[in-house]
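*Asks:* Provided herewith: my_file_10.csv, CSV, N, CA and C atoms.
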chain,number,residue,atom,x,y,z
X,1,ARG,N,0.8,-1.2,0.0
X,1,ARG,CA,0.0,0.0,0.0
X,1,ARG,C,0.9,1.3,0.0
X,2,GLU,N,1.9,1.3,0.8
X,2,GLU,CA,2.8,2.4,0.9
X,2,GLU,C,3.6,2.6,-0.5
X,3,LYS,N,3.9,1.5,-1.1
X,3,LYS,CA,4.6,1.6,-2.4
X,3,LYS,C,3.7,2.2,-3.5
X,4,VAL,N,2.4,1.8,-3.5
X,4,VAL,CA,1.5,2.4,-4.4
X,4,VAL,C,1.3,3.9,-4.2
X,5,LYS,N,1.2,4.3,-2.9
X,5,LYS,CA,1.1,5.7,-2.6
X,5,LYS,C,2.3,6.5,-3.1
X,6,GLU,N,3.5,5.9,-2.9
X,6,GLU,CA,4.8,6.5,-3.3
X,6,GLU,C,4.8,6.6,-4.8
X,7,SER,N,4.4,5.6,-5.5
X,7,SER,CA,4.3,5.6,-7.0
X,7,SER,C,3.4,6.7,-7.5
X,8,LEU,N,2.3,6.9,-6.9
X,8,LEU,CA,1.3,7.9,-7.3
X,8,LEU,C,1.9,9.3,-7.1
X,9,MET,N,2.6,9.5,-6.0
X,9,MET,CA,3.2,10.8,-5.8
X,9,MET,C,4.3,11.1,-6.8
X,10,SER,N,5.0,10.0,-7.2
X,10,SER,CA,6.1,10.2,-8.2
X,10,SER,C,5.5,10.6,-9.5
X,11,ILE,N,4.4,10.0,-9.9
X,11,ILE,CA,3.7,10.3,-11.1
X,11,ILE,C,3.2,11.7,-11.1
X,12,LYS,N,2.7,12.2,-10.0
X,12,LYS,CA,2.2,13.6,-9.9
X,12,LYS,C,3.3,14.5,-10.1
X,13,ARG,N,4.5,14.3,-9.4
X,13,ARG,CA,5.6,15.2,-9.6
X,13,ARG,C,6.1,15.2,-11.0
X,14,LYS,N,6.1,14.1,-11.7
X,14,LYS,CA,6.5,14.0,-13.1
X,14,LYS,C,5.6,14.9,-14.0
X,15,TYR,N,4.3,14.8,-13.7
X,15,TYR,CA,3.3,15.5,-14.5
X,15,TYR,C,3.5,17.0,-14.3
X,16,LYS,N,3.8,17.4,-13.1
X,16,LYS,CA,4.0,18.8,-12.8
X,16,LYS,C,5.2,19.4,-13.6
X,17,LYS,N,6.2,18.6,-13.6
X,17,LYS,CA,7.4,19.0,-14.3
X,17,LYS,C,7.2,19.1,-15.8
X,18,THR,N,6.4,18.1,-16.3
X,18,THR,CA,6.1,18.1,-17.7
X,18,THR,C,5.2,19.3,-18.1
X,19,LEU,N,4.3,19.6,-17.2
X,19,LEU,CA,3.4,20.7,-17.5
X,19,LEU,C,4.2,22.0,-17.6
X,20,ILE,N,5.1,22.2,-16.7
X,20,ILE,CA,6.0,23.4,-16.7
X,20,ILE,C,6.7,23.5,-18.1
X,21,ALA,N,7.3,22.3,-18.5
X,21,ALA,CA,8.0,22.3,-19.8
X,21,ALA,C,7.1,22.7,-20.9
X,22,ILE,N,5.8,22.2,-20.9
X,22,ILE,CA,4.9,22.5,-22.0
X,22,ILE,C,4.5,24.0,-22.0
X,23,VAL,N,4.3,24.5,-20.9
X,23,VAL,CA,4.0,26.0,-20.8
X,23,VAL,C,5.1,26.8,-21.3
X,24,THR,N,6.3,26.5,-20.9
X,24,THR,CA,7.5,27.3,-21.4
X,24,THR,C,7.7,27.1,-22.9
X,25,PHE,N,7.5,25.9,-23.4
X,25,PHE,CA,7.6,25.7,-24.8
X,25,PHE,C,6.5,26.5,-25.6
X,26,THR,N,5.3,26.6,-25.1
X,26,THR,CA,4.2,27.3,-25.7
X,26,THR,C,4.5,28.8,-25.7
X,27,ALA,N,5.2,29.3,-24.6
X,27,ALA,CA,5.5,30.7,-24.5
X,27,ALA,C,6.4,31.2,-25.6
X,28,VAL,N,7.2,30.3,-26.1
X,28,VAL,CA,8.2,30.7,-27.1
X,28,VAL,C,7.4,31.1,-28.4
X,29,PHE,N,6.3,30.4,-28.7
X,29,PHE,CA,5.6,30.7,-29.9
X,29,PHE,C,4.5,31.8,-29.7
X,30,THR,N,4.1,32.1,-28.5
X,30,THR,CA,3.2,33.2,-28.3
X,30,THR,C,3.9,34.3,-27.5
X,31,VAL,N,4.8,35.0,-28.1
X,31,VAL,CA,5.6,36.0,-27.4
X,31,VAL,C,4.8,37.2,-27.1
X,32,PRO,N,5.1,37.9,-26.0
X,32,PRO,CA,4.3,39.1,-25.6
X,32,PRO,C,4.6,40.2,-26.7
X,33,GLY,N,3.5,40.9,-27.1
X,33,GLY,CA,3.6,41.9,-28.1
X,33,GLY,C,3.3,41.5,-29.5
X,34,GLY,N,3.5,40.2,-29.8
X,34,GLY,CA,3.2,39.7,-31.1
X,34,GLY,C,4.4,39.8,-32.0
X,35,TYR,N,4.1,39.6,-33.3
X,35,TYR,CA,5.1,39.6,-34.3
X,35,TYR,C,4.9,40.8,-35.3
X,36,LYS,N,6.0,41.2,-36.0
X,36,LYS,CA,5.8,42.2,-37.0
X,36,LYS,C,5.2,41.6,-38.3
X,37,SER,N,4.2,42.2,-38.8
X,37,SER,CA,3.5,41.6,-39.9
X,37,SER,C,3.6,42.4,-41.2
X,38,GLU,N,4.3,43.6,-41.1
X,38,GLU,CA,4.5,44.4,-42.3
X,38,GLU,C,5.4,43.7,-43.3
X,39,ASP,N,5.3,44.1,-44.5
X,39,ASP,CA,6.2,43.5,-45.6
X,39,ASP,C,7.5,44.2,-45.6
X,40,ASN,N,8.5,43.7,-44.8
X,40,ASN,CA,9.8,44.3,-44.7
X,40,ASN,C,10.8,43.2,-44.3
X,41,PRO,N,12.1,43.5,-44.3
X,41,PRO,CA,13.1,42.5,-44.0
X,41,PRO,C,12.9,41.9,-42.6
X,42,ASN,N,12.3,42.6,-41.6
X,42,ASN,CA,12.1,42.1,-40.3
X,42,ASN,C,10.8,41.4,-40.0
X,43,GLN,N,10.1,41.1,-41.1
X,43,GLN,CA,8.8,40.4,-41.0
X,43,GLN,C,8.9,39.1,-40.2
X,44,GLY,N,8.0,38.9,-39.2
X,44,GLY,CA,8.0,37.7,-38.4
X,44,GLY,C,8.9,37.7,-37.2
X,45,THR,N,9.6,38.8,-37.0
X,45,THR,CA,10.3,39.0,-35.7
X,45,THR,C,9.4,39.6,-34.6
X,46,ALA,N,9.8,39.4,-33.4
X,46,ALA,CA,9.0,39.9,-32.3
X,46,ALA,C,9.0,41.5,-32.3
X,47,ILE,N,7.9,42.0,-32.0
X,47,ILE,CA,7.8,43.5,-31.9
X,47,ILE,C,8.7,44.1,-30.8
X,48,LEU,N,8.7,43.4,-29.7
X,48,LEU,CA,9.4,43.9,-28.5
X,48,LEU,C,10.9,43.4,-28.4
X,49,THR,N,11.5,43.1,-29.5
X,49,THR,CA,12.9,42.6,-29.5
X,49,THR,C,13.9,43.5,-28.8
X,50,ARG,N,13.7,44.8,-29.0
X,50,ARG,CA,14.7,45.7,-28.4
X,50,ARG,C,14.4,46.1,-26.9
X,51,ASN,N,13.3,45.6,-26.4
X,51,ASN,CA,12.8,45.9,-25.1
X,51,ASN,C,13.6,45.1,-24.1
X,52,ALA,N,14.1,45.7,-23.0
X,52,ALA,CA,14.9,44.9,-22.0
X,52,ALA,C,14.1,43.9,-21.3
X,53,PHE,N,12.8,44.2,-21.0
X,53,PHE,CA,11.9,43.3,-20.3
X,53,PHE,C,11.6,42.1,-21.2
X,54,PHE,N,11.5,42.3,-22.5
X,54,PHE,CA,11.3,41.2,-23.4
X,54,PHE,C,12.5,40.2,-23.4
X,55,ARG,N,13.7,40.8,-23.4
X,55,ARG,CA,14.9,40.0,-23.4
X,55,ARG,C,15.0,39.2,-22.1
X,56,ALA,N,14.6,39.9,-21.0
X,56,ALA,CA,14.6,39.1,-19.7
X,56,ALA,C,13.6,38.0,-19.7
X,57,PHE,N,12.5,38.2,-20.4
X,57,PHE,CA,11.5,37.2,-20.5
X,57,PHE,C,12.0,36.0,-21.3
X,58,VAL,N,12.7,36.3,-22.4
X,58,VAL,CA,13.3,35.2,-23.2
X,58,VAL,C,14.3,34.4,-22.4
X,59,ILE,N,15.2,35.1,-21.7
X,59,ILE,CA,16.2,34.4,-20.9
X,59,ILE,C,15.6,33.5,-19.8
X,60,THR,N,14.7,34.1,-19.1
X,60,THR,CA,14.1,33.3,-18.0
X,60,THR,C,13.2,32.2,-18.5
X,61,ASN,N,12.6,32.4,-19.7
X,61,ASN,CA,11.8,31.3,-20.3
X,61,ASN,C,12.7,30.2,-20.7
X,62,ALA,N,13.9,30.5,-21.2
X,62,ALA,CA,14.8,29.5,-21.7
X,62,ALA,C,15.4,28.7,-20.4
X,63,VAL,N,15.7,29.4,-19.4
X,63,VAL,CA,16.2,28.8,-18.2
X,63,VAL,C,15.1,27.9,-17.6
X,64,ALA,N,13.8,28.3,-17.5
X,64,ALA,CA,12.7,27.5,-17.0
X,64,ALA,C,12.6,26.2,-17.9
X,65,MET,N,12.7,26.4,-19.2
X,65,MET,CA,12.6,25.2,-20.1
X,65,MET,C,13.7,24.2,-19.8
X,66,VAL,N,15.0,24.7,-19.7
X,66,VAL,CA,16.1,23.8,-19.4
X,66,VAL,C,15.9,23.1,-18.1
X,67,PHE,N,15.6,23.8,-17.0
X,67,PHE,CA,15.4,23.2,-15.7
X,67,PHE,C,14.3,22.2,-15.7
X,68,SER,N,13.1,22.5,-16.3
X,68,SER,CA,12.0,21.6,-16.2
X,68,SER,C,12.3,20.3,-17.1
X,69,LEU,N,12.9,20.5,-18.2
X,69,LEU,CA,13.2,19.3,-19.0
X,69,LEU,C,14.3,18.4,-18.4
X,70,SER,N,15.2,19.1,-17.7
X,70,SER,CA,16.2,18.3,-17.0
X,70,SER,C,15.6,17.6,-15.8
X,71,ALA,N,14.7,18.2,-15.1
X,71,ALA,CA,14.0,17.5,-14.0
X,71,ALA,C,13.2,16.3,-14.5
X,72,VAL,N,12.5,16.5,-15.6
X,72,VAL,CA,11.8,15.3,-16.2
X,72,VAL,C,12.7,14.2,-16.6
X,73,PHE,N,13.8,14.6,-17.2
X,73,PHE,CA,14.8,13.6,-17.6
X,73,PHE,C,15.4,12.9,-16.4
X,74,VAL,N,15.8,13.6,-15.4
X,74,VAL,CA,16.4,13.0,-14.2
X,74,VAL,C,15.3,12.1,-13.5
X,75,HIS,N,14.1,12.5,-13.5
X,75,HIS,CA,13.0,11.7,-12.8
X,75,HIS,C,12.8,10.5,-13.6
X,76,PHE,N,12.9,10.5,-14.9
X,76,PHE,CA,12.7,9.4,-15.8
X,76,PHE,C,13.8,8.4,-15.6
X,77,ILE,N,15.1,8.8,-15.5
X,77,ILE,CA,16.2,8.0,-15.3
X,77,ILE,C,16.2,7.3,-13.9
X,78,MET,N,15.8,8.1,-12.9
X,78,MET,CA,15.7,7.6,-11.6
X,78,MET,C,14.6,6.5,-11.5
X,79,SER,N,13.5,6.7,-12.2
X,79,SER,CA,12.4,5.7,-12.1
X,79,SER,C,12.9,4.4,-12.8
X,80,LEU,N,13.7,4.5,-13.8
X,80,LEU,CA,14.2,3.3,-14.5
X,80,LEU,C,15.1,2.4,-13.6
X,81,LYS,N,15.9,3.1,-12.8
X,81,LYS,CA,16.8,2.4,-11.8
X,81,LYS,C,16.0,1.8,-10.7
X,82,ALA,N,14.8,2.3,-10.4
X,82,ALA,CA,14.0,1.7,-9.3
X,82,ALA,C,13.5,0.3,-9.6
X,83,PHE,N,13.4,0.0,-10.9
X,83,PHE,CA,12.8,-1.3,-11.2
X,83,PHE,C,13.9,-2.3,-11.5
Can you give me the file's structure in the form of structure tokens?
*Replies:*
Amino acid sequence: REKVKESLMSIKRKYKKTLIAIVTFTAVFTVPGGYKSEDNPNQGTAILTRNAFFRAFVITNAVAMVFSLSAVFVHFIMSLKAF
């Protein structure tokens, strides 16, 4: 009974980490401010590219993605060693 409870908690933690990875991945495609749609050489780039807060968003989003994916990967490897 205790082992089943521990297994369920492990699954819940894995889903939380995976959900964080999905949200950060989605944020890459839905950037704040949108994209430039005019017909010029910068078409398709983010409108807020030169904004310092936007750059901070991109950096923190990338860090969150790396940490959440590494947590999922480590959790997966640890669960393989358990069996």
*Asks:* Excluding region 17-19 of chain X and residues on its chain fewer than 5 positions from it, collect all residues at most 7 Å away from it, counting only N, CA and C atoms, and give them as a list in words.
*Replies:* Lys12, Thr24, Ser68, Leu69, Ala71 and Val72 of chain X
*Asks:* Generate the output file for the selected residues, N, CA and C atoms, as a PDB file, in the frame of the given file.
*Replies:*
ATOM      1  N   LYS X  12       2.700  12.200 -10.000  1.00  0.00           N
ATOM      2  CA  LYS X  12       2.200  13.600  -9.900  1.00  0.00           C
ATOM      3  C   LYS X  12       3.300  14.500 -10.100  1.00  0.00           C
ATOM      4  N   THR X  24       6.300  26.500 -20.900  1.00  0.00           N
ATOM      5  CA  THR X  24       7.500  27.300 -21.400  1.00  0.00           C
ATOM      6  C   THR X  24       7.700  27.100 -22.900  1.00  0.00           C
ATOM      7  N   SER X  68      13.100  22.500 -16.300  1.00  0.00           N
ATOM      8  CA  SER X  68      12.000  21.600 -16.200  1.00  0.00           C
ATOM      9  C   SER X  68      12.300  20.300 -17.100  1.00  0.00           C
ATOM     10  N   LEU X  69      12.900  20.500 -18.200  1.00  0.00           N
ATOM     11  CA  LEU X  69      13.200  19.300 -19.000  1.00  0.00           C
ATOM     12  C   LEU X  69      14.300  18.400 -18.400  1.00  0.00           C
ATOM     13  N   ALA X  71      14.700  18.200 -15.100  1.00  0.00           N
ATOM     14  CA  ALA X  71      14.000  17.500 -14.000  1.00  0.00           C
ATOM     15  C   ALA X  71      13.200  16.300 -14.500  1.00  0.00           C
ATOM     16  N   VAL X  72      12.500  16.500 -15.600  1.00  0.00           N
ATOM     17  CA  VAL X  72      11.800  15.300 -16.200  1.00  0.00           C
ATOM     18  C   VAL X  72      12.700  14.200 -16.600  1.00  0.00           C
TER      19      VAL X  72
END
*Asks:* As a PyMOL selection string, please: every residue in chain X that DSSP puts in alpha helix (DSSP H).
*Replies:* chain X and resi 2-29+52-82
*Asks:* Could you state the separation of CA of Val74 (chain X) and atom C of Ser7 (chain X) in Å, given to one decimal place?
*Replies:*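 So the two atoms, CA of Val74 (chain X) and atom C of Ser7 (chain X), lie 15.9 Å apart.
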*Asks:* So how far away is CA of Thr30 (chain X) from CA of Gly44 (chain X), in Å?
*Replies:*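 Calculated distance between CA of Gly44 (chain X) and CA of Thr30 (chain X) is 12.1 Å.
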*Asks:* What separation in Å, quoted to one decimal, exists between atom C of Phe57 (chain X) and atom C of Thr26 (chain X)?
*Replies:*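 Going from atom C of Phe57 (chain X) over to atom C of Thr26 (chain X), I get 11.3 Å.
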*Asks:* Give the answer as one residue: which of X:Thr45, X:Val28, X:Met78, X:Met9 has the shortest atom-to-atom distance to Val58 (chain X), using only N, CA and C atoms?
*Replies:*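 Looking only at the distances to Val58 (chain X), the closest residue turns out to be X:Val28.
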*Asks:* Find, counting all atoms listed in the file, the residue in X:Ile77, X:Lys14, X:Ala62, X:Pro32 that gets nearest to Thr49 (chain X).
*Replies:* X:Pro32
*Asks:* Reconstruct region 47-58 of chain X at the level of all heavy atoms, and format the result as a short mmCIF file (atom, residue, chain, number, x, y, z; two decimals), in the coordinates of the input.
*Replies:*
data_model
loop_
_atom_site.label_atom_id
_atom_site.label_comp_id
_atom_site.auth_asym_id
_atom_site.auth_seq_id
_atom_site.Cartn_x
_atom_site.Cartn_y
_atom_site.Cartn_z
N ILE X 47 7.90 42.00 -32.00
CA ILE X 47 7.80 43.50 -31.90
C ILE X 47 8.70 44.10 -30.80
O ILE X 47 9.29 45.11 -30.93
CB ILE X 47 6.32 43.92 -31.72
CG1 ILE X 47 5.53 43.57 -32.99
CG2 ILE X 47 6.19 45.40 -31.40
CD1 ILE X 47 4.04 43.79 -32.88
N LEU X 48 8.70 43.40 -29.70
CA LEU X 48 9.40 43.90 -28.50
C LEU X 48 10.90 43.40 -28.40
O LEU X 48 11.48 43.40 -27.33
CB LEU X 48 8.70 43.46 -27.22
CG LEU X 48 7.27 43.94 -27.07
CD1 LEU X 48 6.63 43.31 -25.84
CD2 LEU X 48 7.21 45.45 -26.99
N THR X 49 11.50 43.10 -29.50
CA THR X 49 12.90 42.60 -29.50
C THR X 49 13.90 43.50 -28.80
O THR X 49 14.74 42.99 -28.13
CB THR X 49 13.31 42.35 -30.99
OG1 THR X 49 12.40 41.46 -31.62
CG2 THR X 49 14.69 41.75 -31.05
N ARG X 50 13.70 44.80 -29.00
CA ARG X 50 14.70 45.70 -28.40
C ARG X 50 14.40 46.10 -26.90
O ARG X 50 15.14 46.79 -26.31
CB ARG X 50 14.83 46.95 -29.24
CG ARG X 50 15.31 46.63 -30.64
CD ARG X 50 15.70 47.88 -31.38
NE ARG X 50 16.00 47.62 -32.77
CZ ARG X 50 17.15 47.16 -33.22
NH1 ARG X 50 18.10 46.87 -32.37
NH2 ARG X 50 17.33 46.97 -34.50
N ASN X 51 13.30 45.60 -26.40
CA ASN X 51 12.80 45.90 -25.10
C ASN X 51 13.60 45.10 -24.10
O ASN X 51 13.71 43.84 -24.21
CB ASN X 51 11.35 45.69 -24.93
CG ASN X 51 10.77 46.20 -23.64
OD1 ASN X 51 11.42 46.16 -22.60
ND2 ASN X 51 9.54 46.66 -23.72
N ALA X 52 14.10 45.70 -23.00
CA ALA X 52 14.90 44.90 -22.00
C ALA X 52 14.10 43.90 -21.30
O ALA X 52 14.55 42.81 -20.93
CB ALA X 52 15.54 45.91 -20.99
N PHE X 53 12.80 44.20 -21.00
CA PHE X 53 11.90 43.30 -20.30
C PHE X 53 11.60 42.10 -21.20
O PHE X 53 11.52 40.96 -20.67
CB PHE X 53 10.63 43.97 -19.86
CG PHE X 53 10.82 44.96 -18.76
CD1 PHE X 53 10.60 46.30 -18.98
CD2 PHE X 53 11.24 44.55 -17.50
CE1 PHE X 53 10.77 47.23 -17.97
CE2 PHE X 53 11.42 45.46 -16.48
CZ PHE X 53 11.19 46.80 -16.71
N PHE X 54 11.50 42.30 -22.50
CA PHE X 54 11.30 41.20 -23.40
C PHE X 54 12.50 40.20 -23.40
O PHE X 54 12.39 39.02 -23.37
CB PHE X 54 11.01 41.66 -24.79
CG PHE X 54 10.84 40.55 -25.78
CD1 PHE X 54 9.68 39.80 -25.79
CD2 PHE X 54 11.84 40.25 -26.69
CE1 PHE X 54 9.53 38.77 -26.70
CE2 PHE X 54 11.69 39.23 -27.60
CZ PHE X 54 10.52 38.48 -27.61
N ARG X 55 13.70 40.80 -23.40
CA ARG X 55 14.90 40.00 -23.40
C ARG X 55 15.00 39.20 -22.10
O ARG X 55 15.43 38.06 -22.06
CB ARG X 55 16.15 40.90 -23.56
CG ARG X 55 16.23 41.45 -24.96
CD ARG X 55 17.44 42.29 -25.16
NE ARG X 55 17.45 42.82 -26.53
CZ ARG X 55 18.40 43.57 -27.00
NH1 ARG X 55 19.43 43.90 -26.25
NH2 ARG X 55 18.33 44.02 -28.25
N ALA X 56 14.60 39.90 -21.00
CA ALA X 56 14.60 39.10 -19.70
C ALA X 56 13.60 38.00 -19.70
O ALA X 56 13.86 36.91 -19.19
CB ALA X 56 14.27 40.11 -18.54
N PHE X 57 12.50 38.20 -20.40
CA PHE X 57 11.50 37.20 -20.50
C PHE X 57 12.00 36.00 -21.30
O PHE X 57 11.85 34.84 -20.92
CB PHE X 57 10.22 37.73 -21.25
CG PHE X 57 9.31 36.67 -21.79
CD1 PHE X 57 8.46 35.96 -20.96
CD2 PHE X 57 9.31 36.37 -23.14
CE1 PHE X 57 7.63 34.98 -21.46
CE2 PHE X 57 8.49 35.39 -23.66
CZ PHE X 57 7.65 34.69 -22.81
N VAL X 58 12.70 36.30 -22.40
CA VAL X 58 13.30 35.20 -23.20
C VAL X 58 14.30 34.40 -22.40
O VAL X 58 14.31 33.17 -22.50
CB VAL X 58 13.87 35.79 -24.53
CG1 VAL X 58 14.66 34.75 -25.29
CG2 VAL X 58 12.78 36.37 -25.40
#
